[in-house]
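Read through the structure below, which is laid out as structure tokens, and then see the notes.
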Amino acid sequence: MSGQSTRYDSLIEQAKIYAHEYYVNDNPSVTDAVYDSLIREIKSYEADYPDSVRADSPTQRIAGYALDKFEKVQHSSRMLSLNDVFSRDDVEDWVKRISKLKPGAKHEYFCDIKMDGLACALIYEDGVLVRAVTRGDGLVGEDVTANVRTIASVPLSLLVTKEFSAFCTGRTEIRGEIIMLKKDFEALNAKRRAAGEPEFANPRNLAAGTIRQLDPTLVAARPLAFRGYDVIRQNPTGIPTYDFAYRCMRALGIAANTYAQVFADIDGVMQFVDTWEQKREELPFHTDGLVVKINDRALYAELGIVGKNPRAAVAYKYPAEEATTVVKDIVISIGRTGAATPVAVFDPVVVAGTTVQHASLHNADEIARKDIRVGDTVTIFKAGDIIPQVEQVIESLRPKTSRPFSMEKELARQYPELEFERPEGEAVYRVRGATGPLILKRALQHFASRAALDIDTLGEKNVVALVDAGLVRDLADIFTLNKDDVLALDRFAELSTDNLLTAIAGKKQAPLSRFIYGLGIRHVGAQTAIDLANQFRRLDSLGTASYEDLKGVEGVGEIVAESILAWFSDEDNEAMLAKLAGKKFVVTGTLESMSRDEAADKIRALGGTFQTSVAKDTDYLVAGGKVGASKLAKAQKFGTKVIDEPELMQLIGS
């Protein structure tokens with residue numbers, strides 16, 4: 001038997017090497033068939049000699065029984081959380097703070113991509129895995145050893161190498177993240193679709209939920225992975241830097257990100273930040289940012305902890321791609337074609353760098369499919385980085401008093417004077433007896449009326465001629481009419497055309513109250529328009545006002561507030577206002593002549609829009625000093641014009 005046991009030991013050691021090549025180096029030297037054949041031989045030996053089975057055998061990953069509960073375990077040292085930063089200015093402020101505490105110290109920065117998973121600590125005694133503990137509250141976690149043993153990328157025993165052999169004696173703790181790779185998540189959902197089962201929402205929640213299952217066989221059926229980010233030993237001097245810790249983990253057989261880098265200055269750190277903001281979709285796992293640490297671990301420890309956060313590390317967060325918020329109301333917008341579109345009104349939340357307060361719910365069928373109700377907590381995301389969409393309802397947070405949304409009841413409540421119909425084969429309700437051109441003609445006549453912009457040459461017959469000829473498709477088009485196009489119409493001669501265009505040009509700077517009234521927002525009369533103009537001062541401020549902001553205006557109650565929100569939520573109205581409002585700007589880097597906030601105020605004062613991130617509708621990217629590479633890449637992708645500070649000054653007349 002001694003010869004066979006020696007062979008058995010050799011097979012296990014070789015299996016560990018092959019696993020290391022596959023999971024850590026991502027460069028297997030043998031095919032799956034070869035590895036499977038080796039495993040079969042190990043199983044055969046263990047069947048003959050069950051009393052000799054090693055704890056670190058690859059066959060011992062799956063425990064055959066379900067647990068009653070998870071035991072609580074105190075961590076050897078606290079698993080800390082990190083303070084968040086969101087910009088270069090935040091990073092520089094962080095460096096200034098730690099430099100004051102350690103003046104003259106050389107700061108070398110270790111950067112890694114933050115994985116979106118469940119934090120976990122693996123504890124090895126003399127190189128053998130003995131326990132796995134979740135982060136918990138940082139002080140006490142749960143023992144999930146039976147489940148973690150099923151994860152193929154977690155070595156049941158550490159590899160012994162000459163440089164790092166000391167880590168295979170005594171206690172070695174590896175901290176890291178349990179994740180599910182994108183490809184594995186997509187494959188798992190594909191199987192569930194084929195089986196007619198509901199799909200999982202996202203890999204992070206699935207990974208966290210899976211590892212807390214009491215039945216290890218269920219955990220084994222799901223493709224989890226482990227990525228290390230720290231090594232802890234009783235004597236910390238044996239791990240001088242975080243860069244060393246990563247090399248150590250890989251040598252021991254623990255997968256650690258190969259993207260991690262060390263930088264000597266903040267410029268290098270920010271270049272790393274910008275590169276991965278642009279390329280993060282290429283990563284095999286989901287991320288919401290980066291981790292930036294002082295590389296020297298002795299200095300890291302000396303800088304200490306404030307509350308639950310170490311001073312020597314920060315988490316750089318990218319603009320959230322999705323977020324949760326509460327549906328405050330569902331209002332219905334009537335578009336220029338007479339279509340009724342339900343719009344969810346949210347508690348304001350920042351998604352992908354901009355504040356979102358509402359999103360189209362498209363139609364009654366879509367609301368019913370997702371069962372969206374007033375009071376629901378929902379997850380929202382930005383489709384194409386621009387348009388906010390409701391992804392799903394978190395039903396466990398639904399108020400007990402909630403009721404399903406009824407499109408027909410809400411149409412009757414919000415528009416009692418109108419009749420609606422849903423044509424056969426369509427998903428959209430429409431105003432009965434109204435057509436797109438007819439609605440536009442009425443809207444344009446109101447826009448030009450004496451109480452609104454008072455364009456006396458734009459009477460009913462001229463409105464009909466311009467709309468029927470296709471020269472005016474929304475209110476904004478009257479300000480870009482071409483003389484030759486108007487002259488080509490039967491009603492217009494040289495003098496009448498000049499009179500019309502001159503009258504329109506004279507109203508481009510109309511008082512805000514008249515402009516608001518002219519927009520034809522339902523229930524907003526001339527006096528309410530004056531009150532709104534006095535309160536909000538600018539049209540963009542009115543357009544982004546919350547439900548509570550609107551109700552704070554004298555004379556604006558629930559019905560009027562809902563009507564204003566619905567009007568500004570309509571995609572056609574948003575597109576029309578974009579034509580009227582002027583150009584959209586994004587500023588990246590630092591400006592010499594003014595702060596970014598001052599630049600934003602000047603742009604808005606001149607009718608422009610200041611955006612926080614480059615999107616498809618951005619007209620100008622102003623590139624100051626220390627420019628962000630990700631914004632430049634987006635500008636190139638969307639065809640946005642890049643200008644410098646002097647060009648901005650010329651545009652805003654400074």
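Here's how to read the names in the structure tokens: chain A, B, ... by the order shown, residue numbers from 1 in each chain, ligand numbers from 1 in the order shown.
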
Stretch 490-506 of chain A: which residues within 12 Å, counting only C-alpha atoms, same-chain residues fewer than 5 positions away excluded, as a compact mmCIF listing (two decimals) with C-alpha atoms, in the first residue's frame?
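Heads up, here's the output in selection-v1.txt:
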```
# COMPACT_ATOMS: atom_id res chain seq x y z
CA PHE A 447 -47.63 79.34 -27.82
CA ALA A 448 -48.01 82.36 -30.13
CA LEU A 453 -45.25 84.86 -26.51
CA ASP A 454 -47.55 87.26 -28.38
CA ILE A 455 -46.31 86.54 -31.93
CA ASP A 456 -48.99 88.45 -33.83
CA THR A 457 -47.94 87.22 -37.29
CA LEU A 458 -48.35 83.56 -36.29
CA GLY A 459 -52.09 83.24 -36.53
CA LYS A 461 -53.79 80.07 -40.97
CA ASN A 462 -50.01 80.51 -40.84
CA VAL A 463 -49.76 77.82 -38.15
CA VAL A 464 -51.74 75.39 -40.33
CA ALA A 465 -49.54 76.15 -43.36
CA LEU A 466 -46.26 75.65 -41.48
CA ASP A 468 -48.96 70.91 -42.95
CA ALA A 469 -45.77 71.66 -44.92
CA LEU A 475 -42.70 74.42 -30.82
CA ALA A 476 -38.94 74.84 -31.02
CA ASP A 477 -38.92 74.60 -34.81
CA ILE A 478 -40.40 78.07 -35.25
CA PHE A 479 -37.09 79.55 -34.02
CA THR A 480 -35.08 77.80 -36.74
CA LEU A 481 -37.34 78.48 -39.75
CA ASN A 482 -35.47 79.06 -43.00
CA LYS A 483 -36.56 82.02 -45.14
CA ASP A 484 -36.35 80.11 -48.43
CA ASP A 485 -38.47 77.26 -47.04
CA PRO A 511 -40.10 86.68 -20.11
```

Residues of stretch 408-468 of chain A in strand (DSSP E or B), written as an mmCIF file with N, CA and C atoms, in the first residue's frame:
```cif
data_model
loop_
_atom_site.group_PDB
_atom_site.id
_atom_site.type_symbol
_atom_site.label_atom_id
_atom_site.label_comp_id
_atom_site.auth_asym_id
_atom_site.auth_seq_id
_atom_site.Cartn_x
_atom_site.Cartn_y
_atom_site.Cartn_z
ATOM 1 N N PHE A 420 -60.312 58.440 -23.792
ATOM 2 C CA PHE A 420 -59.161 57.698 -24.310
ATOM 3 C C PHE A 420 -59.624 56.373 -24.913
ATOM 4 N N GLU A 421 -58.844 55.890 -25.849
ATOM 5 C CA GLU A 421 -59.096 54.587 -26.436
ATOM 6 C C GLU A 421 -57.761 53.879 -26.650
ATOM 7 N N TYR A 429 -52.580 53.819 -24.935
ATOM 8 C CA TYR A 429 -53.849 54.546 -24.925
ATOM 9 C C TYR A 429 -53.647 55.904 -25.602
ATOM 10 N N ARG A 430 -54.653 56.353 -26.366
ATOM 11 C CA ARG A 430 -54.568 57.637 -27.062
ATOM 12 C C ARG A 430 -55.834 58.459 -26.820
ATOM 13 N N VAL A 431 -55.679 59.790 -26.939
ATOM 14 C CA VAL A 431 -56.838 60.669 -26.815
ATOM 15 C C VAL A 431 -57.777 60.392 -27.988
#
```

Self-check item: Nearest residue to A:Ala339 from the set A:Asp549, A:Asp572, A:Glu460, A:Asp32 (distances using only C-alpha atoms)
Solution: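 Ranking A:Asp549, A:Asp572, A:Glu460, A:Asp32 by distance to A:Ala339, first place goes to A:Asp572.
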
Practice problem: Run DSSP on the backbone and grab whatever in stretch 359-566 of chain A lands in helix (DSSP H, G or I); send it over as a PyMOL selection string. | Solution: chain A and resi 364-370+395-397+407-414+436-448+460-468+475-480+483-487+494-505+512-518+526-536+539-543+547-551+558-566

Quick one: contact table of stretch 260-332 of chain A to stretch 619-627 of chain A, 10 Å max, nearest atom pair and distance in Å to one decimal per residue, counting only C-alpha atoms, chain and number order, as a tab-separated table?
```
residue	atom	partner	partner_atom	distance
A:Asp267	CA	A:Lys626	CA	8.3
A:Met270	CA	A:Lys626	CA	9.3
A:Gln271	CA	A:Val627	CA	9.6
A:Asp274	CA	A:Val627	CA	9.7
```

Serialized selection, C-alpha atoms, as a tab-separated table (two decimals), in the first residue's frame:
```tsv
chain	number	residue	atom	x	y	z
A	267	ASP	CA	-1.17	61.09	-11.83
A	270	MET	CA	-5.82	58.70	-11.87
A	271	GLN	CA	-4.67	57.30	-15.18
A	274	ASP	CA	-9.68	56.57	-16.06
```

Exercise. Skip stretch 555-563 of chain A itself and residues of its chain fewer than 6 positions away, then list as a count of residues only all residues within 12 Å of it, counting only C-alpha atoms.
Key: 40

Exercise. Quick one: everything within 10 Å of A:Phe70, counting only C-alpha atoms, minus sequence neighbours fewer than 6 positions away in the same chain. Send it as an MDAnalysis selection string.
Key: chainID A and resid 133 141:145 212:214

For the residues selected in the previous step, produce a file with C-alpha atoms as a PDB file, in the first residue's frame.
```
ATOM      1  CA  VAL A 133     -15.737  33.187   7.632  1.00  0.00           C
ATOM      2  CA  GLY A 141     -18.791  36.742  10.834  1.00  0.00           C
ATOM      3  CA  GLU A 142     -20.396  33.401  10.045  1.00  0.00           C
ATOM      4  CA  ASP A 143     -18.600  30.091   9.538  1.00  0.00           C
ATOM      5  CA  VAL A 144     -19.305  29.079   5.916  1.00  0.00           C
ATOM      6  CA  THR A 145     -16.476  26.539   5.600  1.00  0.00           C
ATOM      7  CA  ARG A 212     -25.370  31.612   2.841  1.00  0.00           C
ATOM      8  CA  GLN A 213     -27.337  28.535   1.773  1.00  0.00           C
ATOM      9  CA  LEU A 214     -27.422  25.883   4.475  1.00  0.00           C
TER      10      LEU A 214
END
```

Self-check item: atom CA of A:Val24 to atom CA of A:Leu38, straight-line distance in Å
Solution: 19.4 Å

Quiz item: Mind pulling up the distance from atom CA of A:Thr609 to atom CA of A:Ala578?
Solution: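 Atom-to-atom, atom CA of A:Ala578 to atom CA of A:Thr609, that is 8.8 Å.
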
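For the pair atom CA of A:Val154 and atom CA of A:Ile254, the interatomic distance is 6.8 Å.
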
Quiz prompt | From A:Val128, A:Ile123, A:Leu565, A:Leu252, residue lying nearest A:Lys162 [only C-alpha atoms] | solution = A:Leu252

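The nearest approach to A:Asp137 among the residues A:Leu361, A:Cys120, A:Ile439, A:Met180, with only C-alpha atoms taken into account, belongs to A:Cys120.
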
Quiz item: Excluding same-chain residues fewer than 3 positions from A:Pro155, what lies within 9 Å of it counting only C-alpha atoms, as a PyMOL selection string?
Solution: chain A and resi 16+19-20+56+58+128-129+149+151-152+158-159+252-254

Quiz item: With only C-alpha atoms as the basis for distance, which of A:Ala194, A:Ala220, A:Ala488, A:Ala260 is at the shortest distance from A:Asp243?
Solution: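 Of the candidates, the smallest distance to A:Asp243 is held by A:Ala260.
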